[in-house]
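Novice: The structure that follows is given in the form of structure tokens.
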Amino acid sequence: MPERARQLAYLQRMGIEAWVRRVPPTAEAPMEPAPPAGAMSSPAPQSVADDAVAALDWTALRERVLGCTACQLHATRTQAVFGVGNPDADWLIVGEAPGAEEDRRGEPFVGRAGQLLDAILRAAGQDRRSAYIANILKCRPPNNRDPEPEEIGCCQDYLARQIALIRPRLILAVGRIAAQHLLATDQPIGRLRGRVHRWGEAGIPLVVTYHPAYLLRSPGEKRKAWEDLQLAMQSAREPVEAAEQ
């Protein structure tokens, strides 16, 4: 099947009727040449748990996460959810925290929200084997409540090490919690969408979009999610040097 036809098929599964390039990559819509004063370009998270995490390889990091007891969430989890995908991925997708099904299966983004995320990734030419999927929190908060700041603090070294090991060309922040944490801001997701942010000293391009669970509740916003995805695809195609400036 030709690439265009394949993308159109995936868009239909997402509930989007047709391929529409809403913002062409021209000088009228730049990729954000430089963050203005007060912009959300963030530093890499500072260590609050254990500096030794920054030296762990993939195997040791996974073991550390699966056995972590740094916060109270370890007492109520079935298992920690480390992440899944290609450790050399160009795309890193970061969500909020495991839900009930993720806690049971040990894999992020499963169930209906996971199926929609899979369709979104396929529309971008990615999947769970080519991309990497992780969460801000590695353990499920009881009753799927929002993560507490101290819980995020206990996990942030793990995510920072995953990013350092993967060295992605693009980070896709999925949902409000993930976007606000990665960008160190409390601004609403509607103000964080629509432009390319930069993460860490390497200046990794970061694009914000809605969480698939939200899109299932608000299907009218899927068009905006497709615009976010186009921005992410365009940014991921930029030369590596551009991401390091």
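Chain labels run A, B, ... following the order of the structure tokens; each chain numbers its residues from 1, and ligands are numbered from 1 in the order shown.
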Which neighbours of Gly83 (chain A) fall inside 9 Å, counting only C-alpha atoms, when residues of the same chain fewer than 5 positions from it are skipped, and could you give them as a ChimeraX atom specification?
Specialist: /A:62,106-108,132-135,138
Novice: Enumerate, as a compact mmCIF listing (two decimals) with N, CA and C atoms, in the first residue's frame, the complete set of residues in region 20-223 of chain A that a backbone-based DSSP assignment places in strand (DSSP E).
Specialist:
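Saved to states_10.txt:
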```txt
# COMPACT_ATOMS: atom_id res chain seq x y z
N VAL A 84 8.59 0.57 27.29
CA VAL A 84 8.62 -0.44 26.24
C VAL A 84 9.04 0.20 24.93
N GLY A 85 9.75 -0.56 24.09
CA GLY A 85 10.09 -0.08 22.77
C GLY A 85 11.55 -0.22 22.43
N TRP A 91 11.92 8.49 18.37
CA TRP A 91 10.77 9.09 19.05
C TRP A 91 10.65 8.52 20.46
N LEU A 92 10.54 9.41 21.45
CA LEU A 92 10.24 9.01 22.82
C LEU A 92 8.89 9.60 23.19
N ILE A 93 7.94 8.75 23.55
CA ILE A 93 6.61 9.19 23.97
C ILE A 93 6.56 9.10 25.49
N VAL A 94 6.21 10.20 26.14
CA VAL A 94 6.17 10.25 27.60
C VAL A 94 4.76 10.57 28.05
N GLY A 95 4.18 9.65 28.83
CA GLY A 95 2.86 9.86 29.40
C GLY A 95 2.95 10.17 30.88
N TYR A 132 9.91 4.55 21.60
CA TYR A 132 9.98 4.11 22.99
C TYR A 132 8.90 4.85 23.76
N ILE A 133 8.21 4.13 24.65
CA ILE A 133 7.09 4.68 25.41
C ILE A 133 7.39 4.53 26.90
N ALA A 134 7.30 5.63 27.63
CA ALA A 134 7.55 5.62 29.07
C ALA A 134 6.59 6.59 29.74
N ASN A 135 6.62 6.61 31.06
CA ASN A 135 5.78 7.51 31.84
C ASN A 135 6.60 8.34 32.81
N LEU A 170 13.23 13.27 19.14
CA LEU A 170 11.99 13.98 19.46
C LEU A 170 11.38 13.38 20.72
N ILE A 171 10.87 14.24 21.58
CA ILE A 171 10.05 13.81 22.72
C ILE A 171 8.63 14.29 22.47
N LEU A 172 7.67 13.36 22.53
CA LEU A 172 6.25 13.70 22.42
C LEU A 172 5.65 13.59 23.81
N ALA A 173 5.33 14.72 24.42
CA ALA A 173 4.74 14.75 25.76
C ALA A 173 3.23 14.60 25.63
N VAL A 174 2.70 13.52 26.19
CA VAL A 174 1.30 13.15 26.00
C VAL A 174 0.52 13.47 27.27
N HIS A 197 9.15 22.95 21.81
CA HIS A 197 9.94 23.29 22.98
C HIS A 197 11.28 22.55 22.90
N ARG A 198 12.15 22.82 23.83
CA ARG A 198 13.44 22.13 23.90
C ARG A 198 13.64 21.58 25.30
N TRP A 199 14.15 20.34 25.37
CA TRP A 199 14.36 19.69 26.66
C TRP A 199 15.85 19.48 26.91
N ILE A 204 16.70 18.79 23.05
CA ILE A 204 15.89 17.82 22.31
C ILE A 204 14.52 18.44 22.00
N PRO A 205 14.09 18.44 20.75
CA PRO A 205 12.77 18.97 20.43
C PRO A 205 11.67 18.23 21.20
N LEU A 206 10.74 18.98 21.73
CA LEU A 206 9.64 18.41 22.52
C LEU A 206 8.34 19.03 22.04
N VAL A 207 7.40 18.18 21.68
CA VAL A 207 6.08 18.60 21.22
C VAL A 207 5.04 18.08 22.20
N VAL A 208 4.07 18.90 22.51
CA VAL A 208 3.01 18.57 23.47
C VAL A 208 1.73 18.24 22.72
N THR A 209 1.05 17.19 23.16
CA THR A 209 -0.26 16.86 22.59
C THR A 209 -1.17 16.31 23.68
```
Novice: Ile189 (chain A): which residues within 8 Å, counting only C-alpha atoms, same-chain residues fewer than 2 positions away excluded, as a count of residues only?
Specialist: 11
Novice: Which residues are near Ser235 (chain A)? Cut-off 8 Å, only C-alpha atoms, ignore same chain within fewer than 3 positions. Put them as a list in words.
Specialist: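 In the requested form, the answer reads Met31, Leu170, Val196, Pro205, Leu231, Ala232 and Glu238 of chain A.
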Novice: Taking a cut-off of 12 Å and counting only C-alpha atoms, can you build a table that, for each residue of region 128-224 of chain A near region 74-81 of chain A, reports the nearest atom pair and how far apart they are in Å (one decimal), sorted by chain then residue number, as JSON lines?
Specialist:
```
{"residue": "A:Ile133", "atom": "CA", "partner": "A:Val81", "partner_atom": "CA", "distance": 10.4}
{"residue": "A:Ala134", "atom": "CA", "partner": "A:Val81", "partner_atom": "CA", "distance": 8.1}
{"residue": "A:Asn135", "atom": "CA", "partner": "A:Val81", "partner_atom": "CA", "distance": 8.1}
{"residue": "A:Ile136", "atom": "CA", "partner": "A:Val81", "partner_atom": "CA", "distance": 10.4}
{"residue": "A:Leu137", "atom": "CA", "partner": "A:Val81", "partner_atom": "CA", "distance": 8.4}
{"residue": "A:Lys138", "atom": "CA", "partner": "A:Val81", "partner_atom": "CA", "distance": 5.0}
{"residue": "A:Cys139", "atom": "CA", "partner": "A:Ala80", "partner_atom": "CA", "distance": 4.9}
{"residue": "A:Arg140", "atom": "CA", "partner": "A:Arg77", "partner_atom": "CA", "distance": 6.1}
{"residue": "A:Pro141", "atom": "CA", "partner": "A:Arg77", "partner_atom": "CA", "distance": 8.0}
{"residue": "A:Pro142", "atom": "CA", "partner": "A:Thr76", "partner_atom": "CA", "distance": 7.1}
{"residue": "A:Asn143", "atom": "CA", "partner": "A:Thr76", "partner_atom": "CA", "distance": 10.4}
{"residue": "A:Asn144", "atom": "CA", "partner": "A:Arg77", "partner_atom": "CA", "distance": 11.5}
{"residue": "A:Glu151", "atom": "CA", "partner": "A:His74", "partner_atom": "CA", "distance": 10.5}
{"residue": "A:Cys154", "atom": "CA", "partner": "A:His74", "partner_atom": "CA", "distance": 11.4}
{"residue": "A:Cys155", "atom": "CA", "partner": "A:Ala80", "partner_atom": "CA", "distance": 11.1}
{"residue": "A:Tyr158", "atom": "CA", "partner": "A:Val81", "partner_atom": "CA", "distance": 11.5}
{"residue": "A:Leu159", "atom": "CA", "partner": "A:Val81", "partner_atom": "CA", "distance": 11.7}
```
Novice: Skipping near chain neighbours, those fewer than 4 positions away, what residues fall within 9 Å of Leu117 (chain A) using only C-alpha atoms, listed as a ChimeraX atom specification?
Specialist: /A:14,109-110,112-113,121-122,211-212
Novice: Restrict the selected residues to C-alpha atoms and save them as an mmCIF file, in the first residue's frame.
Specialist:
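result.cif written:
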```cif
data_model
loop_
_atom_site.group_PDB
_atom_site.id
_atom_site.type_symbol
_atom_site.label_atom_id
_atom_site.label_comp_id
_atom_site.auth_asym_id
_atom_site.auth_seq_id
_atom_site.Cartn_x
_atom_site.Cartn_y
_atom_site.Cartn_z
ATOM 1 C CA MET A 14 -8.088 7.919 14.787
ATOM 2 C CA PHE A 109 -0.524 2.630 27.324
ATOM 3 C CA VAL A 110 -2.636 -0.483 26.965
ATOM 4 C CA ARG A 112 -8.454 1.677 24.563
ATOM 5 C CA ALA A 113 -6.112 4.617 25.156
ATOM 6 C CA LEU A 121 2.069 6.430 16.144
ATOM 7 C CA ARG A 122 1.288 4.510 12.964
ATOM 8 C CA HIS A 211 -3.557 12.283 26.134
ATOM 9 C CA PRO A 212 -5.347 9.508 24.200
#
```
Novice: Between A:Arg161, A:Asp118, A:Ile152, A:Gln230, which residue has the minimum interatomic distance to Ala60 (chain A), considering only C-alpha atoms?
Specialist: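 Under the stated criterion, the closest residue is A:Arg161.
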Novice: Which of region 80-216 of chain A counts as alpha helix (DSSP H) under DSSP, as number ranges by chain please?
Specialist: A: 100-105, 111-123, 149-166, 176-182, 189-192, 212-216
Novice: If you measure from CA of Ala225 (chain A) to CA of Gly200 (chain A), what distance in Å do you get, rounded to one decimal?
Specialist: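 Computing the Euclidean distance for CA of Ala225 (chain A) and CA of Gly200 (chain A) yields 24.2 Å.
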Novice: What gap, in Å, lies between CA of Ile166 (chain A) and CA of Arg128 (chain A)?
Specialist: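 Going from CA of Ile166 (chain A) over to CA of Arg128 (chain A) covers 14.3 Å.
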Novice: Smallest atom-to-atom distance to Cys71 (chain A): which of A:Pro168, A:Gly114, A:Pro98, A:Gly153, using only C-alpha atoms?
Specialist: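 Nearest candidate to Cys71 (chain A) out of A:Pro168, A:Gly114, A:Pro98, A:Gly153: A:Gly153.
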Novice: What is the CA of Gln156 (chain A) to CA of Ala213 (chain A) distance in Å?
Specialist: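 Those two atoms sit 22.9 Å apart.
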Novice: Kindly indicate which residue among A:Ala164, A:Gly203, A:Leu215, A:Arg104 lies nearest to Leu183 (chain A), using only C-alpha atoms for the distances.
Specialist: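 Selected residue with least distance to Leu183 (chain A): A:Gly203.
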Novice: A:Ala55, A:Ala89, A:Leu229, A:Leu216: which is nearest Ile120 (chain A), counting only C-alpha atoms?
Specialist: A:Leu229
